[in-house]
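Raw contents of entry.csv, CSV, C-alpha atoms:
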chain,number,residue,atom,x,y,z
A,1,MET,CA,85.2,100.9,20.6
A,2,LYS,CA,83.5,103.2,18.2
A,3,LEU,CA,86.2,105.7,19.1
A,4,LEU,CA,88.9,103.1,18.1
A,5,ALA,CA,87.2,102.6,14.7
A,6,MET,CA,87.0,106.3,14.2
A,7,LEU,CA,90.6,106.8,15.1
A,8,MET,CA,91.7,104.1,12.7
A,9,ILE,CA,89.6,105.7,9.9
A,10,ALA,CA,91.1,109.1,10.8
A,11,LEU,CA,94.7,107.6,10.7
A,12,CYS,CA,94.1,106.0,7.3
A,13,CYS,CA,92.7,109.3,5.9
A,14,SER,CA,95.5,111.3,7.4
A,15,CYS,CA,98.2,109.4,5.6
A,16,GLY,CA,96.9,110.0,2.1
A,17,GLY,CA,94.2,107.4,1.7
A,18,ALA,CA,93.7,103.8,2.8
A,19,SER,CA,95.0,100.9,0.8
A,20,ASN,CA,92.8,97.9,0.1
A,21,VAL,CA,94.6,96.0,2.9
A,22,ASP,CA,94.0,98.9,5.3
A,23,LEU,CA,90.3,98.8,4.5
A,24,VAL,CA,90.1,95.1,5.0
A,25,VAL,CA,91.9,95.4,8.4
A,26,ARG,CA,89.7,98.3,9.4
A,27,ASP,CA,86.4,96.6,8.5
A,28,ALA,CA,87.5,93.3,10.1
A,29,THR,CA,88.6,95.1,13.3
A,30,VAL,CA,85.3,97.0,13.6
A,31,SER,CA,83.5,93.7,13.0
A,32,ALA,CA,85.6,91.9,15.6
A,33,ASN,CA,85.1,94.6,18.2
A,34,SER,CA,81.4,94.7,17.6
A,35,THR,CA,81.1,90.9,17.7
A,36,ALA,CA,83.1,90.6,20.8
A,37,ASN,CA,80.7,93.0,22.6
A,38,THR,CA,77.7,91.1,21.2
A,39,ILE,CA,79.1,87.8,22.5
A,40,GLU,CA,79.7,89.4,25.9
A,41,VAL,CA,76.1,90.6,26.1
A,42,MET,CA,74.8,87.2,24.9
A,43,GLN,CA,76.9,85.5,27.6
A,44,SER,CA,75.3,87.7,30.3
A,45,LEU,CA,71.9,87.1,28.9
A,46,ALA,CA,72.5,83.4,28.6
A,47,LEU,CA,73.5,83.1,32.3
A,48,ILE,CA,70.3,84.9,33.3
A,49,VAL,CA,68.1,82.6,31.2
A,50,TYR,CA,70.1,79.6,32.4
A,51,ARG,CA,69.6,80.4,36.0
A,52,THR,CA,65.9,81.4,35.5
A,53,GLU,CA,65.2,78.1,33.8
A,54,GLN,CA,66.7,76.2,36.7
A,55,GLU,CA,64.9,78.3,39.3
A,56,LEU,CA,61.6,77.6,37.6
A,57,GLN,CA,62.3,73.9,37.9
A,58,VAL,CA,63.3,74.2,41.6
A,59,ALA,CA,60.1,76.1,42.3
A,60,GLY,CA,58.0,73.3,40.9
A,61,ALA,CA,59.9,70.4,42.6
A,62,LYS,CA,58.3,68.4,45.3
A,63,ASP,CA,61.5,67.4,47.1
A,64,LYS,CA,65.3,67.7,46.9
A,65,ALA,CA,65.8,64.7,44.7
A,66,ASP,CA,63.1,66.0,42.3
A,67,ALA,CA,64.7,69.4,42.2
A,68,GLN,CA,68.1,67.9,41.5
A,69,ALA,CA,66.7,65.8,38.7
A,70,ARG,CA,64.9,68.7,37.2
A,71,VAL,CA,68.0,71.0,37.1
A,72,LYS,CA,70.0,68.2,35.7
A,73,VAL,CA,67.7,68.1,32.7
A,74,VAL,CA,68.0,71.9,32.2
A,75,ARG,CA,71.8,71.7,32.4
A,76,ALA,CA,71.9,68.9,29.8
A,77,MET,CA,69.7,71.1,27.5
A,78,TRP,CA,72.2,73.9,27.8
A,79,VAL,CA,75.3,71.9,26.8
A,80,SER,CA,74.7,72.7,23.1
A,81,ILE,CA,74.4,76.4,23.9
A,82,TRP,CA,77.7,76.5,25.9
A,83,ASP,CA,79.3,74.6,23.1
A,84,ALA,CA,78.1,77.2,20.6
A,85,PHE,CA,79.7,79.9,22.8
A,86,LYS,CA,82.9,78.0,22.8
A,87,ALA,CA,82.8,77.7,19.0
A,88,ALA,CA,82.1,81.4,18.6
A,89,ARG,CA,85.0,82.3,20.9
A,90,ALA,CA,87.3,79.9,18.9
A,91,VAL,CA,86.3,81.7,15.6
A,92,TYR,CA,86.9,85.0,17.3
A,93,SER,CA,90.4,83.9,18.4
A,94,ASN,CA,91.1,82.7,14.8
A,95,LEU,CA,90.0,86.2,13.5
A,96,VAL,CA,92.5,87.9,15.9
A,97,LEU,CA,95.2,85.5,14.7
A,98,VAL,CA,94.7,86.1,11.0
A,99,LEU,CA,94.5,89.9,11.7
A,100,ASN,CA,97.9,89.7,13.2
A,101,ALA,CA,99.4,87.4,10.5
A,102,LYS,CA,102.2,88.8,8.4
A,103,PRO,CA,101.7,89.0,5.5
A,104,LEU,CA,98.0,89.6,5.9
A,105,ASN,CA,95.8,87.1,4.1
A,106,THR,CA,92.8,89.2,3.3
A,107,ALA,CA,90.8,86.2,2.1
A,108,ALA,CA,91.4,84.4,5.4
A,109,VAL,CA,90.3,87.6,7.3
A,110,GLN,CA,87.1,87.7,5.3
A,111,THR,CA,86.5,84.0,5.9
A,112,GLU,CA,86.8,84.4,9.7
A,113,VAL,CA,84.6,87.5,9.7
A,114,ASN,CA,81.9,85.6,7.9
A,115,ALA,CA,82.3,82.6,10.1
A,116,LEU,CA,82.1,84.7,13.2
A,117,GLN,CA,78.9,86.4,12.0
A,118,GLN,CA,77.4,83.0,11.3
A,119,ARG,CA,78.3,81.8,14.8
A,120,VAL,CA,76.7,84.8,16.4
A,121,THR,CA,73.5,84.3,14.3
A,122,GLU,CA,73.4,80.7,15.5
A,123,LEU,CA,73.9,81.8,19.1
A,124,SER,CA,71.1,84.3,18.7
A,125,ALA,CA,68.7,81.6,17.6
A,126,LEU,CA,69.7,79.2,20.4
A,127,LEU,CA,69.2,82.0,23.0
A,128,ALA,CA,65.8,83.0,21.5
A,129,THR,CA,64.7,79.4,21.9
A,130,ALA,CA,66.0,79.2,25.5
A,131,ARG,CA,64.3,82.5,26.4
A,132,SER,CA,61.0,81.3,25.1
A,133,ARG,CA,61.4,78.1,27.0
A,134,ALA,CA,62.0,80.1,30.2
A,135,GLY,CA,59.1,82.4,29.6
A,136,LEU,CA,61.4,85.3,29.0
A,137,VAL,CA,59.9,86.5,25.7
A,138,GLN,CA,61.6,89.2,23.8
B,1,MET,CA,61.5,88.9,41.1
B,2,ASP,CA,62.3,89.6,44.7
B,3,PRO,CA,65.5,91.7,45.6
B,4,ALA,CA,67.3,88.7,47.0
B,5,THR,CA,66.9,86.8,43.8
B,6,ALA,CA,67.9,89.8,41.7
B,7,ILE,CA,71.1,90.2,43.8
B,8,ALA,CA,71.8,86.5,43.5
B,9,ILE,CA,71.5,86.8,39.7
B,10,ILE,CA,73.8,89.8,39.6
B,11,GLN,CA,76.3,88.1,41.8
B,12,ALA,CA,76.2,85.1,39.5
B,13,ILE,CA,76.9,87.3,36.5
B,14,VAL,CA,79.7,89.1,38.3
B,15,ALA,CA,81.2,85.7,39.1
B,16,ALA,CA,80.8,84.7,35.5
B,17,TYR,CA,84.1,86.0,34.4
B,18,PRO,CA,86.8,84.1,36.3
B,19,VAL,CA,90.1,85.8,36.9
B,20,VAL,CA,92.3,85.7,33.9
B,21,SER,CA,96.0,85.5,34.8
B,22,LYS,CA,98.1,88.6,34.4
B,23,GLY,CA,100.2,86.9,31.8
B,24,ILE,CA,97.3,86.1,29.5
B,25,GLU,CA,95.9,89.6,30.1
B,26,ALA,CA,99.2,91.1,28.9
B,27,ILE,CA,99.2,89.0,25.8
B,28,ILE,CA,95.6,90.0,25.1
B,29,ALA,CA,96.5,93.6,25.6
B,30,ASP,CA,99.4,93.4,23.2
B,31,VAL,CA,97.3,91.6,20.5
B,32,ALA,CA,94.5,94.1,21.0
B,33,ALA,CA,96.8,97.1,20.8
B,34,ALA,CA,98.5,95.7,17.7
B,35,ARG,CA,95.2,95.8,15.8
B,36,GLY,CA,93.2,98.4,17.6
B,37,LEU,CA,90.9,95.8,19.2
B,38,ASP,CA,89.1,96.5,22.4
B,39,PRO,CA,91.1,94.6,25.0
B,40,ILE,CA,88.3,94.5,27.6
B,41,ALA,CA,85.8,93.1,25.1
B,42,LEU,CA,88.5,90.7,23.8
B,43,THR,CA,89.2,89.4,27.3
B,44,LYS,CA,85.6,88.9,28.1
B,45,ALA,CA,84.8,87.3,24.7
B,46,ILE,CA,87.4,84.6,25.1
B,47,THR,CA,86.7,84.0,28.8
B,48,GLU,CA,84.5,81.0,29.7
B,49,PRO,CA,81.1,82.0,30.9
B,50,GLY,CA,80.4,81.3,34.6
B,51,ILE,CA,78.3,78.3,34.2
B,52,ALA,CA,79.8,76.6,37.3
B,53,ALA,CA,79.1,79.7,39.4
B,54,VAL,CA,75.4,79.7,38.4
B,55,ASP,CA,75.2,75.9,39.0
B,56,ALA,CA,76.7,76.3,42.5
B,57,SER,CA,74.2,79.1,43.2
B,58,VAL,CA,71.3,77.0,42.2
B,59,ASP,CA,72.6,74.0,44.1
B,60,ALA,CA,72.8,76.2,47.2
B,61,GLU,CA,69.2,77.3,46.6
B,62,ILE,CA,68.1,73.7,46.4
B,63,ASN,CA,69.8,72.9,49.7
B,64,ALA,CA,68.3,75.9,51.4
B,65,ARG,CA,64.8,75.1,50.1
B,66,PHE,CA,65.1,71.4,50.9
B,67,PRO,CA,67.3,71.0,53.9
B,68,GLY,CA,68.5,67.6,55.1
Rewrite the coordinates I just gave you, this time as structure tokens.
Amino acid sequence: MKLLAMLMIALCCSCGGASNVDLVVRDATVSANSTANTIEVMQSLALIVYRTEQELQVAGAKDKADAQARVKVVRAMWVSIWDAFKAARAVYSNLVLVLNAKPLNTAAVQTEVNALQQRVTELSALLATARSRAGLVQ
Amino acid sequence: MDPATAIAIIQAIVAAYPVVSKGIEAIIADVAAARGLDPIALTKAITEPGIAAVDASVDAEINARFPG
């Protein structure tokens, strides 16, 4: 991914200097790539924490019904986190769309980049809370 | 964490990314190529996490621990 960004920078420089639009696209593309990887890592981490939280409840259950009731509570608590992932992916899709729009709307690109960063920040906070709850401190 | 649990977790993560149809993959690749985006990261970022796979794994663990 870093190579892609470097290649884009090299291409811009090789053609006599980047225009403002080129710079916006380049920065937004680097941001999109970076954020996509961040979301990917967060998803993997979230699944580990999600499973760990359920395992802790199963380990403390006295019978099958109790175990099922306990994991049901955990799953309900995670609905908001999965919704936050959906929201982040939706913003990411919007960013890809505006990056491909012709003519390019640089204001829209910047809006989506900011929105995506905001979503990732929110996800990070939600995951930190879940990790703490599961005893997986950072 | 015992090895069996670690393997189960890894398997759940591997199962987390359901197969995306070839048609969608092709569209993603085109979009990614058009703007220099990383197609692998793009595919994974827009793919639903494997919540159901983890849930199924935990349900299986409950059934194994509390048979009957």
To one decimal place, how far is atom CA of Gln43 of chain A from atom CA of Phe85 of chain A in Å?
->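 A separation of 7.9 Å between them.
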May I ask you to extract the residues of chain A within 7 Å of chain B, using all atoms listed in the file, and to give them as a PyMOL selection string?
-> chain A and resi 1+4+29+33+36-37+39-40+43-44+47-48+51+58+63-64+67+89
Two-atom distance - atom CA of Ala88 of chain A, atom CA of Val24 of chain A (Å) |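 Calculated distance between atom CA of Ala88 of chain A and atom CA of Val24 of chain A is 20.9 Å.
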In Å, how far is it from atom CA of Val98 of chain A to atom CA of Ile81 of chain A?
->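 Distance reported for this atom pair: 25.9 Å.
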Taking all atoms listed in the file into account, which of A:Met77, A:Val21, A:Asp66, A:Ala84 comes nearest Ser124 of chain A?
->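 Selected residue with least distance to Ser124 of chain A: A:Ala84.
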Pull out segment 20-67 of chain A, keep N, CA and C atoms, and write it as a PDB file, in the first residue's frame.
ATOM      1  N   ASN A  20      -3.711  20.727  -7.806  1.00  0.00           N
ATOM      2  CA  ASN A  20      -4.402  20.664  -6.524  1.00  0.00           C
ATOM      3  C   ASN A  20      -5.307  19.437  -6.456  1.00  0.00           C
ATOM      4  N   VAL A  21      -5.970  19.153  -7.570  1.00  0.00           N
ATOM      5  CA  VAL A  21      -6.854  17.980  -7.609  1.00  0.00           C
ATOM      6  C   VAL A  21      -6.039  16.704  -7.439  1.00  0.00           C
ATOM      7  N   ASP A  22      -4.869  16.647  -8.104  1.00  0.00           N
ATOM      8  CA  ASP A  22      -4.001  15.467  -7.962  1.00  0.00           C
ATOM      9  C   ASP A  22      -3.624  15.250  -6.495  1.00  0.00           C
ATOM     10  N   LEU A  23      -3.307  16.351  -5.842  1.00  0.00           N
ATOM     11  CA  LEU A  23      -2.890  16.248  -4.436  1.00  0.00           C
ATOM     12  C   LEU A  23      -4.035  15.779  -3.548  1.00  0.00           C
ATOM     13  N   VAL A  24      -5.231  16.282  -3.818  1.00  0.00           N
ATOM     14  CA  VAL A  24      -6.408  15.866  -3.034  1.00  0.00           C
ATOM     15  C   VAL A  24      -6.646  14.374  -3.224  1.00  0.00           C
ATOM     16  N   VAL A  25      -6.590  13.937  -4.493  1.00  0.00           N
ATOM     17  CA  VAL A  25      -6.818  12.513  -4.791  1.00  0.00           C
ATOM     18  C   VAL A  25      -5.739  11.664  -4.145  1.00  0.00           C
ATOM     19  N   ARG A  26      -4.503  12.117  -4.249  1.00  0.00           N
ATOM     20  CA  ARG A  26      -3.398  11.346  -3.673  1.00  0.00           C
ATOM     21  C   ARG A  26      -3.566  11.211  -2.161  1.00  0.00           C
ATOM     22  N   ASP A  27      -3.812  12.321  -1.500  1.00  0.00           N
ATOM     23  CA  ASP A  27      -3.955  12.281  -0.037  1.00  0.00           C
ATOM     24  C   ASP A  27      -5.152  11.420   0.376  1.00  0.00           C
ATOM     25  N   ALA A  28      -6.266  11.579  -0.351  1.00  0.00           N
ATOM     26  CA  ALA A  28      -7.471  10.810  -0.016  1.00  0.00           C
ATOM     27  C   ALA A  28      -7.249   9.321  -0.251  1.00  0.00           C
ATOM     28  N   THR A  29      -6.492   8.991  -1.309  1.00  0.00           N
ATOM     29  CA  THR A  29      -6.215   7.589  -1.611  1.00  0.00           C
ATOM     30  C   THR A  29      -5.332   6.969  -0.538  1.00  0.00           C
ATOM     31  N   VAL A  30      -4.315   7.705  -0.136  1.00  0.00           N
ATOM     32  CA  VAL A  30      -3.450   7.206   0.937  1.00  0.00           C
ATOM     33  C   VAL A  30      -4.269   7.012   2.210  1.00  0.00           C
ATOM     34  N   SER A  31      -5.128   7.977   2.511  1.00  0.00           N
ATOM     35  CA  SER A  31      -5.968   7.894   3.707  1.00  0.00           C
ATOM     36  C   SER A  31      -6.918   6.695   3.618  1.00  0.00           C
ATOM     37  N   ALA A  32      -7.507   6.511   2.416  1.00  0.00           N
ATOM     38  CA  ALA A  32      -8.449   5.397   2.237  1.00  0.00           C
ATOM     39  C   ALA A  32      -7.754   4.056   2.425  1.00  0.00           C
ATOM     40  N   ASN A  33      -6.573   3.915   1.812  1.00  0.00           N
ATOM     41  CA  ASN A  33      -5.822   2.658   1.948  1.00  0.00           C
ATOM     42  C   ASN A  33      -5.463   2.390   3.401  1.00  0.00           C
ATOM     43  N   SER A  34      -4.968   3.409   4.048  1.00  0.00           N
ATOM     44  CA  SER A  34      -4.564   3.267   5.440  1.00  0.00           C
ATOM     45  C   SER A  34      -5.752   2.907   6.323  1.00  0.00           C
ATOM     46  N   THR A  35      -6.870   3.579   6.089  1.00  0.00           N
ATOM     47  CA  THR A  35      -8.052   3.335   6.911  1.00  0.00           C
ATOM     48  C   THR A  35      -8.637   1.957   6.654  1.00  0.00           C
ATOM     49  N   ALA A  36      -8.584   1.526   5.396  1.00  0.00           N
ATOM     50  CA  ALA A  36      -9.083   0.179   5.081  1.00  0.00           C
ATOM     51  C   ALA A  36      -8.305  -0.870   5.857  1.00  0.00           C
ATOM     52  N   ASN A  37      -7.006  -0.699   5.920  1.00  0.00           N
ATOM     53  CA  ASN A  37      -6.186  -1.647   6.682  1.00  0.00           C
ATOM     54  C   ASN A  37      -6.495  -1.558   8.173  1.00  0.00           C
ATOM     55  N   THR A  38      -6.720  -0.349   8.651  1.00  0.00           N
ATOM     56  CA  THR A  38      -7.050  -0.176  10.070  1.00  0.00           C
ATOM     57  C   THR A  38      -8.358  -0.882  10.401  1.00  0.00           C
ATOM     58  N   ILE A  39      -9.354  -0.709   9.539  1.00  0.00           N
ATOM     59  CA  ILE A  39     -10.650  -1.365   9.770  1.00  0.00           C
ATOM     60  C   ILE A  39     -10.479  -2.887   9.751  1.00  0.00           C
ATOM     61  N   GLU A  40      -9.646  -3.363   8.825  1.00  0.00           N
ATOM     62  CA  GLU A  40      -9.400  -4.802   8.722  1.00  0.00           C
ATOM     63  C   GLU A  40      -8.808  -5.348  10.018  1.00  0.00           C
ATOM     64  N   VAL A  41      -7.805  -4.643  10.531  1.00  0.00           N
ATOM     65  CA  VAL A  41      -7.165  -5.074  11.782  1.00  0.00           C
ATOM     66  C   VAL A  41      -8.166  -5.001  12.933  1.00  0.00           C
ATOM     67  N   MET A  42      -8.944  -3.931  12.960  1.00  0.00           N
ATOM     68  CA  MET A  42      -9.946  -3.775  14.025  1.00  0.00           C
ATOM     69  C   MET A  42     -10.974  -4.907  13.990  1.00  0.00           C
ATOM     70  N   GLN A  43     -11.365  -5.316  12.786  1.00  0.00           N
ATOM     71  CA  GLN A  43     -12.335  -6.415  12.660  1.00  0.00           C
ATOM     72  C   GLN A  43     -11.767  -7.701  13.257  1.00  0.00           C
ATOM     73  N   SER A  44     -10.516  -7.990  12.940  1.00  0.00           N
ATOM     74  CA  SER A  44      -9.891  -9.202  13.484  1.00  0.00           C
ATOM     75  C   SER A  44      -9.813  -9.121  15.000  1.00  0.00           C
ATOM     76  N   LEU A  45      -9.413  -7.970  15.504  1.00  0.00           N
ATOM     77  CA  LEU A  45      -9.326  -7.772  16.952  1.00  0.00           C
ATOM     78  C   LEU A  45     -10.706  -7.895  17.588  1.00  0.00           C
ATOM     79  N   ALA A  46     -11.698  -7.295  16.946  1.00  0.00           N
ATOM     80  CA  ALA A  46     -13.059  -7.330  17.482  1.00  0.00           C
ATOM     81  C   ALA A  46     -13.557  -8.769  17.599  1.00  0.00           C
ATOM     82  N   LEU A  47     -13.267  -9.580  16.595  1.00  0.00           N
ATOM     83  CA  LEU A  47     -13.731 -10.968  16.633  1.00  0.00           C
ATOM     84  C   LEU A  47     -13.056 -11.748  17.758  1.00  0.00           C
ATOM     85  N   ILE A  48     -11.786 -11.456  17.996  1.00  0.00           N
ATOM     86  CA  ILE A  48     -11.077 -12.121  19.099  1.00  0.00           C
ATOM     87  C   ILE A  48     -11.698 -11.718  20.431  1.00  0.00           C
ATOM     88  N   VAL A  49     -11.934 -10.427  20.611  1.00  0.00           N
ATOM     89  CA  VAL A  49     -12.509  -9.934  21.869  1.00  0.00           C
ATOM     90  C   VAL A  49     -13.930 -10.478  22.038  1.00  0.00           C
ATOM     91  N   TYR A  50     -14.692 -10.465  20.934  1.00  0.00           N
ATOM     92  CA  TYR A  50     -16.069 -10.951  20.944  1.00  0.00           C
ATOM     93  C   TYR A  50     -16.116 -12.406  21.399  1.00  0.00           C
ATOM     94  N   ARG A  51     -15.238 -13.204  20.841  1.00  0.00           N
ATOM     95  CA  ARG A  51     -15.206 -14.620  21.215  1.00  0.00           C
ATOM     96  C   ARG A  51     -14.733 -14.793  22.664  1.00  0.00           C
ATOM     97  N   THR A  52     -13.704 -14.057  23.031  1.00  0.00           N
ATOM     98  CA  THR A  52     -13.172 -14.162  24.394  1.00  0.00           C
ATOM     99  C   THR A  52     -14.236 -13.816  25.426  1.00  0.00           C
ATOM    100  N   GLU A  53     -14.984 -12.762  25.143  1.00  0.00           N
ATOM    101  CA  GLU A  53     -16.040 -12.354  26.082  1.00  0.00           C
ATOM    102  C   GLU A  53     -17.076 -13.457  26.250  1.00  0.00           C
ATOM    103  N   GLN A  54     -17.415 -14.105  25.165  1.00  0.00           N
ATOM    104  CA  GLN A  54     -18.403 -15.194  25.244  1.00  0.00           C
ATOM    105  C   GLN A  54     -17.819 -16.401  25.974  1.00  0.00           C
ATOM    106  N   GLU A  55     -16.541 -16.696  25.713  1.00  0.00           N
ATOM    107  CA  GLU A  55     -15.904 -17.840  26.383  1.00  0.00           C
ATOM    108  C   GLU A  55     -15.853 -17.639  27.889  1.00  0.00           C
ATOM    109  N   LEU A  56     -15.589 -16.418  28.301  1.00  0.00           N
ATOM    110  CA  LEU A  56     -15.556 -16.123  29.738  1.00  0.00           C
ATOM    111  C   LEU A  56     -16.911 -16.412  30.366  1.00  0.00           C
ATOM    112  N   GLN A  57     -17.968 -16.063  29.652  1.00  0.00           N
ATOM    113  CA  GLN A  57     -19.319 -16.299  30.170  1.00  0.00           C
ATOM    114  C   GLN A  57     -19.649 -17.791  30.200  1.00  0.00           C
ATOM    115  N   VAL A  58     -19.225 -18.515  29.172  1.00  0.00           N
ATOM    116  CA  VAL A  58     -19.463 -19.961  29.131  1.00  0.00           C
ATOM    117  C   VAL A  58     -18.718 -20.643  30.275  1.00  0.00           C
ATOM    118  N   ALA A  59     -17.499 -20.187  30.523  1.00  0.00           N
ATOM    119  CA  ALA A  59     -16.689 -20.786  31.589  1.00  0.00           C
ATOM    120  C   ALA A  59     -17.330 -20.601  32.962  1.00  0.00           C
ATOM    121  N   GLY A  60     -18.070 -19.516  33.137  1.00  0.00           N
ATOM    122  CA  GLY A  60     -18.683 -19.244  34.431  1.00  0.00           C
ATOM    123  C   GLY A  60     -20.118 -19.730  34.554  1.00  0.00           C
ATOM    124  N   ALA A  61     -20.617 -20.407  33.508  1.00  0.00           N
ATOM    125  CA  ALA A  61     -22.012 -20.849  33.519  1.00  0.00           C
ATOM    126  C   ALA A  61     -22.179 -22.142  34.311  1.00  0.00           C
ATOM    127  N   LYS A  62     -23.365 -22.286  34.922  1.00  0.00           N
ATOM    128  CA  LYS A  62     -23.599 -23.493  35.725  1.00  0.00           C
ATOM    129  C   LYS A  62     -24.274 -24.602  34.918  1.00  0.00           C
ATOM    130  N   ASP A  63     -24.961 -24.238  33.857  1.00  0.00           N
ATOM    131  CA  ASP A  63     -25.561 -25.244  32.983  1.00  0.00           C
ATOM    132  C   ASP A  63     -25.738 -24.657  31.574  1.00  0.00           C
ATOM    133  N   LYS A  64     -26.289 -25.474  30.691  1.00  0.00           N
ATOM    134  CA  LYS A  64     -26.419 -25.065  29.289  1.00  0.00           C
ATOM    135  C   LYS A  64     -27.301 -23.824  29.125  1.00  0.00           C
ATOM    136  N   ALA A  65     -28.428 -23.827  29.836  1.00  0.00           N
ATOM    137  CA  ALA A  65     -29.348 -22.688  29.719  1.00  0.00           C
ATOM    138  C   ALA A  65     -28.687 -21.403  30.213  1.00  0.00           C
ATOM    139  N   ASP A  66     -27.924 -21.548  31.293  1.00  0.00           N
ATOM    140  CA  ASP A  66     -27.225 -20.376  31.846  1.00  0.00           C
ATOM    141  C   ASP A  66     -26.182 -19.876  30.839  1.00  0.00           C
ATOM    142  N   ALA A  67     -25.447 -20.814  30.231  1.00  0.00           N
ATOM    143  CA  ALA A  67     -24.428 -20.436  29.239  1.00  0.00           C
ATOM    144  C   ALA A  67     -25.069 -19.715  28.058  1.00  0.00           C
TER     145      ALA A  67
END
